[in-house]
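Just coords.cif here, mmCIF, C-alpha atoms:
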data_data
loop_
_atom_site.label_atom_id
_atom_site.label_comp_id
_atom_site.auth_asym_id
_atom_site.auth_seq_id
_atom_site.Cartn_x
_atom_site.Cartn_y
_atom_site.Cartn_z
CA MET G 1 17.01 -24.94 0.58
CA THR G 2 20.33 -24.08 2.13
CA SER G 3 23.57 -25.99 2.36
CA THR G 4 26.92 -25.57 4.03
CA MET G 5 29.77 -24.28 1.89
CA ASN G 6 33.32 -25.08 2.98
CA GLY G 7 32.01 -25.67 6.49
CA GLN G 8 31.70 -21.92 7.05
CA SER G 9 29.62 -20.00 4.52
CA GLU G 10 25.98 -20.78 3.83
CA ARG G 11 23.98 -20.64 0.65
CA ALA G 12 20.55 -19.04 0.78
CA ARG G 13 17.80 -17.39 -1.21
CA ALA G 14 17.24 -13.71 -0.56
CA LEU G 15 15.09 -10.84 -1.78
CA VAL G 16 17.76 -8.36 -2.81
CA THR G 17 16.81 -4.69 -2.89
CA HIS G 18 18.33 -2.91 -5.87
CA ARG G 19 18.09 0.76 -6.80
CA PRO G 20 14.45 1.66 -7.56
CA ILE G 21 13.34 1.97 -11.16
CA ASP G 22 10.93 4.81 -12.05
CA GLY G 23 10.00 5.20 -8.39
CA MET G 24 9.09 1.54 -8.01
CA VAL G 25 10.48 -1.11 -5.66
CA ASN G 26 13.17 -3.19 -7.36
CA TRP G 27 13.43 -6.46 -5.45
CA LYS G 28 14.90 -9.62 -6.96
CA LEU G 29 14.91 -13.13 -5.51
CA GLU G 30 18.50 -14.31 -5.84
CA ASN G 31 20.86 -17.00 -4.67
CA VAL G 32 23.31 -15.57 -2.16
CA THR G 33 26.06 -16.68 0.19
CA VAL G 34 26.15 -15.79 3.89
CA PRO G 35 29.75 -15.58 5.19
CA SER G 36 30.78 -17.26 8.44
CA ILE G 37 29.52 -15.53 11.58
CA GLN G 38 31.49 -14.06 14.47
CA ASP G 39 29.73 -12.91 17.65
CA GLU G 40 26.32 -13.31 16.07
CA LEU G 41 23.68 -15.94 15.34
CA LEU G 42 23.05 -17.68 12.06
CA VAL G 43 19.28 -18.09 11.72
CA ARG G 44 17.35 -20.22 9.23
CA VAL G 45 14.44 -17.95 8.44
CA VAL G 46 11.06 -19.60 7.90
CA ALA G 47 9.00 -16.41 7.61
CA SER G 48 9.26 -12.65 7.60
CA GLY G 49 6.54 -10.06 7.87
CA VAL G 50 6.48 -7.32 5.22
CA CYS G 51 6.30 -3.81 6.64
CA HIS G 52 5.70 -0.46 4.94
CA THR G 53 9.11 0.51 6.31
CA ASP G 54 10.73 -2.07 4.01
CA VAL G 55 9.05 -0.44 1.04
CA ALA G 56 9.98 3.06 2.19
CA PHE G 57 13.67 2.21 2.54
CA SER G 58 13.61 0.48 -0.85
CA LEU G 59 12.69 3.82 -2.43
CA ARG G 60 14.98 6.17 -0.53
CA LEU G 61 17.78 7.83 -2.47
CA ASP G 62 19.38 9.68 0.46
CA SER G 63 22.00 8.34 2.88
CA PHE G 64 19.58 5.61 3.96
CA GLY G 65 19.14 4.39 0.38
CA ILE G 66 21.75 1.64 0.28
CA PHE G 67 21.87 -0.66 -2.75
CA PRO G 68 22.08 -3.55 -3.17
CA ARG G 69 21.10 -4.90 0.21
CA ILE G 70 18.71 -7.30 1.92
CA LEU G 71 15.86 -5.81 3.96
CA GLY G 72 13.25 -7.48 6.20
CA HIS G 73 12.88 -6.87 9.92
CA GLU G 74 10.11 -9.14 11.19
CA GLY G 75 11.85 -12.49 10.98
CA ALA G 76 11.06 -15.88 12.50
CA GLY G 77 13.28 -18.90 12.35
CA TYR G 78 15.60 -21.39 14.00
CA VAL G 79 19.16 -20.92 15.20
CA GLU G 80 21.68 -22.83 13.06
CA LYS G 81 24.94 -21.55 14.56
CA THR G 82 26.05 -19.14 17.29
CA GLY G 83 29.20 -17.17 17.99
CA SER G 84 31.20 -18.15 21.06
CA ALA G 85 29.99 -15.16 23.10
CA VAL G 86 26.29 -15.54 22.29
CA THR G 87 24.02 -16.31 25.27
CA VAL G 88 20.50 -15.45 24.09
CA ALA G 89 19.89 -18.74 22.29
CA LYS G 90 21.45 -22.03 21.32
CA VAL G 91 21.42 -24.11 18.14
CA GLY G 92 17.92 -25.39 17.40
CA ASP G 93 16.04 -22.73 19.38
CA PRO G 94 13.08 -21.01 17.69
CA VAL G 95 13.55 -17.25 17.64
CA LEU G 96 11.69 -14.11 16.66
CA LEU G 97 13.69 -11.17 15.34
CA SER G 98 13.19 -7.54 16.32
CA PHE G 99 15.21 -4.32 16.25
CA ALA G 100 18.85 -3.94 17.29
CA SER G 101 20.23 -1.77 20.09
CA CYS G 102 23.62 -1.14 21.65
CA THR G 103 22.49 -2.68 25.02
CA THR G 104 24.82 -0.49 27.09
CA CYS G 105 23.60 3.13 26.88
CA LYS G 106 21.29 4.84 29.36
CA SER G 107 18.22 4.17 27.21
CA CYS G 108 19.03 0.49 26.73
CA THR G 109 19.85 -0.18 30.37
CA GLY G 110 16.80 1.86 31.40
CA ALA G 111 14.33 -0.39 29.52
CA HIS G 112 13.95 1.95 26.52
CA PRO G 113 16.12 0.30 23.82
CA ALA G 114 14.03 1.71 20.98
CA HIS G 115 15.42 5.12 21.93
CA CYS G 116 19.03 3.97 21.84
CA PRO G 117 21.14 6.80 20.33
CA GLN G 118 22.53 4.26 17.86
CA MET G 119 19.05 3.26 16.64
CA PRO G 120 19.45 4.77 13.13
CA ALA G 121 22.92 3.34 12.56
CA LEU G 122 22.11 -0.12 13.89
CA ASN G 123 18.75 -0.50 12.17
CA TYR G 124 18.29 1.73 9.14
CA LEU G 125 21.75 1.43 7.65
CA SER G 126 23.51 -1.80 6.67
CA GLU G 127 26.79 -3.56 7.21
CA ALA G 128 28.69 -4.13 3.97
CA ASN G 129 29.38 -7.59 2.58
CA THR G 130 26.94 -9.38 4.88
CA PHE G 131 25.79 -11.36 1.84
CA TYR G 132 27.43 -12.08 -1.51
CA GLY G 133 25.65 -12.45 -4.83
CA GLU G 134 26.47 -15.13 -7.39
CA SER G 135 28.80 -12.71 -9.20
CA GLY G 136 30.77 -12.18 -5.98
CA GLU G 137 29.35 -8.69 -5.40
CA GLY G 138 28.91 -7.80 -1.72
CA TYR G 139 25.40 -6.99 -0.50
CA GLY G 140 24.50 -4.99 2.58
CA GLY G 141 22.78 -6.70 5.47
CA LYS G 142 21.96 -6.68 9.19
CA TYR G 143 19.15 -4.24 8.49
CA PHE G 144 17.44 -3.95 11.89
CA GLY G 145 20.19 -6.32 12.97
CA GLN G 146 18.64 -9.17 10.97
CA SER G 147 17.86 -8.70 7.22
CA SER G 148 15.17 -11.37 7.37
CA PHE G 149 14.26 -11.36 3.66
CA ALA G 150 16.64 -14.30 3.32
CA SER G 151 16.31 -18.00 4.02
CA MET G 152 19.53 -17.82 6.07
CA THR G 153 20.85 -14.70 7.75
CA ALA G 154 23.39 -13.50 10.31
CA CYS G 155 21.70 -11.65 13.19
CA LYS G 156 22.88 -9.40 15.97
CA GLU G 157 22.23 -10.85 19.40
CA SER G 158 20.27 -7.76 20.49
CA SER G 159 17.75 -8.43 17.69
CA VAL G 160 17.00 -11.98 18.82
CA VAL G 161 14.14 -13.03 21.12
CA ASN G 162 14.31 -16.68 22.15
CA VAL G 163 10.82 -18.20 22.13
CA ALA G 164 11.78 -21.78 22.99
CA GLY G 165 8.98 -23.22 25.10
CA MET G 166 6.56 -20.52 23.91
CA VAL G 167 5.75 -21.74 20.39
CA LYS G 168 4.20 -25.10 19.58
CA ASN G 169 5.47 -25.67 16.04
CA GLU G 170 6.88 -24.04 12.93
CA GLU G 171 3.48 -22.88 11.67
CA GLU G 172 2.87 -20.99 14.88
CA LEU G 173 6.36 -19.50 14.71
CA LYS G 174 5.52 -18.15 11.24
CA LYS G 175 2.34 -16.57 12.58
CA PHE G 176 4.28 -14.71 15.25
CA ALA G 177 6.86 -13.24 12.82
CA PRO G 178 5.21 -9.76 12.69
CA LEU G 179 5.40 -9.41 16.48
CA GLY G 180 8.98 -8.18 16.09
CA CYS G 181 8.04 -4.78 14.70
CA GLY G 182 4.60 -3.81 13.40
CA PHE G 183 2.42 -5.45 16.02
CA GLN G 184 4.82 -4.55 18.80
CA THR G 185 4.79 -0.93 17.65
CA GLY G 186 1.01 -0.61 17.53
CA ALA G 187 0.27 -2.42 20.77
CA GLY G 188 3.13 -0.74 22.62
CA ALA G 189 1.94 2.70 21.53
CA VAL G 190 -1.25 2.01 23.49
CA THR G 191 -0.01 0.08 26.52
CA ASN G 192 3.51 1.45 27.02
CA ILE G 193 3.38 5.02 25.75
CA ALA G 194 -0.22 6.17 26.14
CA GLN G 195 -0.88 3.71 29.00
CA ALA G 196 -4.53 3.54 28.00
CA GLY G 197 -7.21 2.61 30.50
CA LYS G 198 -10.93 2.21 31.07
CA LYS G 199 -11.71 5.94 31.02
CA ASP G 200 -9.99 6.60 27.69
CA THR G 201 -11.54 7.37 24.35
CA ILE G 202 -9.03 6.28 21.74
CA VAL G 203 -8.95 7.06 18.03
CA ILE G 204 -6.70 5.00 15.78
CA LEU G 205 -5.85 6.60 12.45
CA GLY G 206 -4.96 3.89 9.94
CA LEU G 207 -6.00 0.26 10.31
CA GLY G 208 -3.09 -1.63 8.83
CA GLY G 209 -1.08 -4.09 10.89
CA VAL G 210 0.17 -1.40 13.26
CA GLY G 211 -3.24 0.21 13.67
CA LEU G 212 -5.10 -3.03 14.26
CA ALA G 213 -2.51 -4.09 16.82
CA ALA G 214 -3.17 -0.76 18.56
CA LEU G 215 -6.90 -1.46 18.38
CA MET G 216 -6.49 -4.90 19.96
CA ALA G 217 -4.35 -3.37 22.70
CA ALA G 218 -7.04 -0.75 23.30
CA LYS G 219 -9.62 -3.53 23.58
CA LEU G 220 -7.61 -5.50 26.12
CA SER G 221 -6.99 -2.21 27.99
CA GLU G 222 -10.79 -1.88 28.22
CA CYS G 223 -10.92 1.61 26.72
CA HIS G 224 -14.31 3.31 26.99
CA LEU G 225 -14.59 4.10 23.26
CA ILE G 226 -12.43 2.70 20.45
CA ILE G 227 -12.76 4.50 17.13
CA GLY G 228 -11.02 3.09 14.03
CA VAL G 229 -10.40 5.26 10.98
CA ASP G 230 -9.34 4.10 7.50
CA ARG G 231 -10.21 4.49 3.82
CA PHE G 232 -10.49 0.78 2.99
CA LYS G 233 -13.80 -0.98 3.59
CA GLU G 234 -12.04 -4.30 4.35
CA LYS G 235 -9.96 -2.74 7.11
CA VAL G 236 -12.92 -0.92 8.63
CA GLU G 237 -14.88 -4.17 8.75
CA MET G 238 -11.90 -5.95 10.32
CA ALA G 239 -11.72 -3.24 12.98
CA LYS G 240 -15.36 -3.89 13.87
CA SER G 241 -14.69 -7.59 14.27
CA LEU G 242 -11.72 -6.90 16.56
CA GLY G 243 -13.64 -4.71 18.96
CA ALA G 244 -13.94 -1.17 17.61
CA SER G 245 -16.97 0.55 19.12
CA HIS G 246 -17.12 2.92 16.13
CA VAL G 247 -15.50 3.08 12.69
CA ILE G 248 -15.14 5.86 10.16
CA ASN G 249 -14.42 5.37 6.46
CA THR G 250 -12.49 8.37 5.14
CA SER G 251 -13.20 7.49 1.50
CA ASP G 252 -16.40 9.56 1.83
CA PRO G 253 -15.52 12.86 0.08
CA GLY G 254 -18.00 14.77 2.20
CA LEU G 255 -16.55 13.61 5.51
CA ASP G 256 -15.45 16.15 8.10
CA LEU G 257 -13.31 13.90 10.29
CA VAL G 258 -12.96 16.35 13.15
CA GLU G 259 -16.72 16.86 13.36
CA ALA G 260 -17.33 13.12 13.08
CA ILE G 261 -15.05 12.40 16.04
CA LYS G 262 -16.53 15.23 18.08
CA SER G 263 -20.04 13.92 17.35
CA ILE G 264 -19.20 10.40 18.54
CA THR G 265 -17.52 11.73 21.69
CA ASP G 266 -20.17 14.30 22.67
CA GLY G 267 -17.86 17.12 21.67
CA TYR G 268 -15.01 16.00 23.89
CA GLY G 269 -12.65 14.41 21.36
CA ALA G 270 -10.09 11.67 21.85
CA SER G 271 -8.15 11.38 25.08
CA ILE G 272 -5.67 9.29 23.04
CA THR G 273 -5.00 9.54 19.32
CA ILE G 274 -2.74 6.93 17.71
CA GLU G 275 -1.60 8.14 14.28
CA THR G 276 -0.21 5.30 12.14
CA THR G 277 -0.43 6.67 8.59
CA GLY G 278 2.11 9.50 8.36
CA ASN G 279 -0.47 11.40 6.30
CA MET G 280 -0.12 15.10 7.07
CA ASP G 281 -3.81 15.89 6.56
CA LEU G 282 -4.80 13.18 9.04
CA ILE G 283 -2.13 14.37 11.46
CA LYS G 284 -3.53 17.90 11.40
CA SER G 285 -7.10 16.65 11.86
CA GLY G 286 -5.97 14.39 14.68
CA LEU G 287 -4.36 17.25 16.53
CA ASP G 288 -7.64 19.15 16.23
CA PHE G 289 -9.90 16.38 17.56
CA THR G 290 -7.56 15.28 20.35
CA ALA G 291 -9.18 16.38 23.61
CA LEU G 292 -7.90 18.92 26.08
CA ARG G 293 -5.06 17.24 28.02
CA GLY G 294 -5.20 14.39 25.52
CA GLN G 295 -2.26 12.50 24.07
CA PHE G 296 -1.37 12.47 20.39
CA VAL G 297 1.06 9.64 19.59
CA PHE G 298 3.00 9.81 16.32
CA VAL G 299 3.62 6.29 14.98
CA GLY G 300 3.38 6.51 11.18
CA ILE G 301 6.37 7.86 9.28
CA PRO G 302 5.58 11.08 7.37
CA PRO G 303 7.58 12.33 4.36
CA ALA G 304 11.27 12.78 5.21
CA ASP G 305 11.03 16.58 4.95
CA ALA G 306 7.70 16.92 6.79
CA GLU G 307 7.34 19.65 9.38
CA LEU G 308 4.47 20.53 11.68
CA ASN G 309 3.42 24.09 12.42
CA VAL G 310 2.08 24.12 16.00
CA HIS G 311 0.62 27.23 17.64
CA LEU G 312 2.50 27.08 20.92
CA VAL G 313 0.20 29.27 23.00
CA ASN G 314 -2.77 27.11 22.01
CA LEU G 315 -0.76 23.99 22.81
CA ILE G 316 0.07 25.31 26.27
CA GLN G 317 -3.54 26.20 26.97
CA SER G 318 -4.86 22.88 25.67
CA GLY G 319 -2.55 20.75 27.79
CA LYS G 320 -2.23 18.34 24.87
CA CYS G 321 0.79 16.07 24.77
CA LEU G 322 2.52 15.22 21.48
CA ARG G 323 4.59 12.05 21.70
CA GLY G 324 6.81 10.16 19.29
CA CYS G 325 6.72 6.38 19.16
CA ILE G 326 9.42 3.99 17.99
CA GLU G 327 8.76 0.25 18.32
CA GLY G 328 6.12 0.96 20.95
CA ASP G 329 8.90 1.87 23.41
CA SER G 330 9.09 -1.88 24.03
CA VAL G 331 11.71 -4.24 25.36
CA PRO G 332 11.27 -7.01 22.77
CA GLY G 333 12.44 -9.80 25.07
CA GLU G 334 9.61 -8.92 27.45
CA TYR G 335 6.90 -7.55 25.16
CA ILE G 336 6.95 -10.25 22.49
CA PRO G 337 6.28 -13.01 25.07
CA GLN G 338 3.48 -10.81 26.44
CA MET G 339 1.85 -10.61 23.01
CA ILE G 340 2.18 -14.37 22.59
CA GLN G 341 0.40 -14.81 25.91
CA TRP G 342 -2.36 -12.41 24.86
CA ASN G 343 -2.76 -14.44 21.68
CA ARG G 344 -3.05 -17.63 23.73
CA GLU G 345 -5.81 -15.99 25.79
CA GLY G 346 -7.74 -14.92 22.67
CA LYS G 347 -7.08 -11.22 23.35
CA PHE G 348 -4.66 -10.62 20.46
CA PRO G 349 -6.00 -12.62 17.49
CA LEU G 350 -3.73 -12.69 14.46
CA ASP G 351 -5.06 -15.33 12.06
CA ASP G 352 -7.43 -13.04 10.16
CA ILE G 353 -4.88 -10.24 9.87
CA ILE G 354 -2.06 -12.28 8.34
CA LYS G 355 -1.80 -13.79 4.87
CA TYR G 356 1.13 -15.96 3.82
CA TYR G 357 2.96 -15.67 0.49
CA ALA G 358 5.88 -17.68 -0.85
CA ALA G 359 8.95 -15.45 -1.15
CA GLU G 360 8.79 -15.62 -4.95
CA ASP G 361 5.28 -14.10 -4.78
CA TRP G 362 6.51 -10.90 -3.14
CA GLU G 363 5.00 -8.70 -5.89
CA GLU G 364 1.55 -10.08 -5.17
CA ALA G 365 2.13 -9.51 -1.44
CA LEU G 366 3.04 -5.84 -1.98
CA ALA G 367 0.09 -5.28 -4.33
CA ASP G 368 -2.35 -6.84 -1.87
CA MET G 369 -0.94 -4.77 0.99
CA LYS G 370 -1.25 -1.56 -1.04
CA SER G 371 -4.83 -2.29 -2.10
CA GLY G 372 -5.93 -3.22 1.42
CA ILE G 373 -6.81 -6.81 0.47
CA THR G 374 -4.15 -8.05 2.87
CA ILE G 375 -3.38 -6.30 6.12
CA LYS G 376 -0.11 -8.03 7.04
CA PRO G 377 1.70 -10.06 4.37
CA VAL G 378 4.15 -12.67 5.64
CA LEU G 379 6.72 -14.11 3.24
CA THR G 380 7.70 -17.74 3.75
CA PHE G 381 11.00 -19.35 2.82
#
Translate the structure of the given file into structure tokens.
Amino acid sequence: MTSTMNGQSERARALVTHRPIDGMVNWKLENVTVPSIQDELLVRVVASGVCHTDVAFSLRLDSFGIFPRILGHEGAGYVEKTGSAVTVAKVGDPVLLSFASCTTCKSCTGAHPAHCPQMPALNYLSEANTFYGESGEGYGGKYFGQSSFASMTACKESSVVNVAGMVKNEEELKKFAPLGCGFQTGAGAVTNIAQAGKKDTIVILGLGGVGLAALMAAKLSECHLIIGVDRFKEKVEMAKSLGASHVINTSDPGLDLVEAIKSITDGYGASITIETTGNMDLIKSGLDFTALRGQFVFVGIPPADAELNVHLVNLIQSGKCLRGCIEGDSVPGEYIPQMIQWNREGKFPLDDIIKYYAAEDWEEALADMKSGITIKPVLTF
């Protein structure tokens, strides 16, 4: 529950990220205060997807490791207040929260806000004193312009997608929370970046929320072959149910992934490879089985110091294209409504991918995500 304080500040519950202990996530559910907003929106959060990125930033000890702060970047909620200059939504509107961008640079005005030069500063860092703990200590916030691991949060306008008239009720709004990052990233990698079509053979490495969103996008793009790859039996089975023509379980110690892909594709390989794991061994295998003139799309985040040794002459001769992917190169205000429409048409089913957890059960949510029991945890407030 939240309540107004002095007519300006708001009380809330938040998962506060503290410095990791022994390499483990150190989140604590705390009572916090949200100061009065300026040219922003105050959003009552009803749900937030949990992404591997949240875990990764909780463990970083470099310049991106900011403690204490509130993470969360797949929020869903209702607007409680708006700054005087805000135009994206009004009080009472249901909103989904995505990444922040400057809105004025060449990338932003050219329909590529995910490649805004200010992307790292606006999304991965935090603004100080966005929340206050019970002791009066300031906590960082506006992570991805939103910090949605809180029952009430101040959001940047560029992070907000107004879905008034698109969602039927609060339960449906909760279901759509992960559209703001993970699902948008996976689907956009296929439709926006690779621009997959009927002639394509696509391999998706990693079948978490991002990978399965990519798989669903490949299905609705009518790709010729859709091959899902993962080490968890539950995820492989889910991929089959969502339209994979073939699946490969990498838990088999005798598996030669390159040969397996070549066998399925009559020696040709994948015209599109979507890599969602950040695992360097899978990346190297993927580059090998990607077909001549094929596209290899990097989506998963590898270790911070990872480098790739590419033989340039072979790359030139192969005609392969290596592409980076942030947020599916999407415009959230356009792509999120598109995904909602696909869901309405039965082409982008989400119910079996998502599992809801009360915010206080965050440890169970992380454990289930790590073990593969749950593909996309969504915390509810």
With the file shown as input, list the residues that the PyMOL selection byres ((chain G and resi 339) around 9) selects, as a PyMOL selection string.
-> chain G and resi 179+183-184+187+335-338+340-344+347-348
Could you write out as a PyMOL selection string the residues that the PyMOL selection byres ((chain G and resi 43) around 6) matches in the shown file?
-> chain G and resi 42+44-45+78-80+152-153
Find the residue from G:Phe232, G:Tyr143, G:Phe149, G:Phe67 that sits nearest to Lys370 in chain G; use only C-alpha atoms when measuring.
->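 Residue with the minimum atom-to-atom distance to Lys370 in chain G: G:Phe232.
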Kindly resolve the PyMOL selection byres ((chain G and resi 213-215) around 6) on the present coordinates and return the residues as a VMD selection string.
-> chain G and resid 183 186 to 187 190 210 to 212 216 to 218
Quick one: residues within 9 Å of Gly77 in chain G, only C-alpha atoms counted, chain neighbours fewer than 2 positions away excluded, as a PDB file with C-alpha atoms, in the frame of the given file?
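Final output, saved to out-v4.pdb:
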ATOM      1  CA  VAL G  43      19.280 -18.090  11.720  1.00  0.00           C
ATOM      2  CA  ARG G  44      17.350 -20.220   9.230  1.00  0.00           C
ATOM      3  CA  VAL G  45      14.440 -17.950   8.440  1.00  0.00           C
ATOM      4  CA  VAL G  46      11.060 -19.600   7.900  1.00  0.00           C
ATOM      5  CA  ALA G  47       9.000 -16.410   7.610  1.00  0.00           C
ATOM      6  CA  SER G  48       9.260 -12.650   7.600  1.00  0.00           C
ATOM      7  CA  GLY G  75      11.850 -12.490  10.980  1.00  0.00           C
ATOM      8  CA  VAL G  79      19.160 -20.920  15.200  1.00  0.00           C
ATOM      9  CA  ASP G  93      16.040 -22.730  19.380  1.00  0.00           C
ATOM     10  CA  PRO G  94      13.080 -21.010  17.690  1.00  0.00           C
ATOM     11  CA  VAL G  95      13.550 -17.250  17.640  1.00  0.00           C
ATOM     12  CA  LEU G  96      11.690 -14.110  16.660  1.00  0.00           C
ATOM     13  CA  LEU G  97      13.690 -11.170  15.340  1.00  0.00           C
ATOM     14  CA  SER G 151      16.310 -18.000   4.020  1.00  0.00           C
ATOM     15  CA  MET G 152      19.530 -17.820   6.070  1.00  0.00           C
ATOM     16  CA  GLU G 170       6.880 -24.040  12.930  1.00  0.00           C
ATOM     17  CA  LEU G 173       6.360 -19.500  14.710  1.00  0.00           C
ATOM     18  CA  LYS G 174       5.520 -18.150  11.240  1.00  0.00           C
ATOM     19  CA  ALA G 177       6.860 -13.240  12.820  1.00  0.00           C
TER      20      ALA G 177
END
Pick from G:Asn123, G:Ser371, G:Ser135, G:Asn192, whichever lies nearest to Ser159 in chain G using only C-alpha atoms |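 Ranked by minimum distance to Ser159 in chain G, first place goes to G:Asn123.
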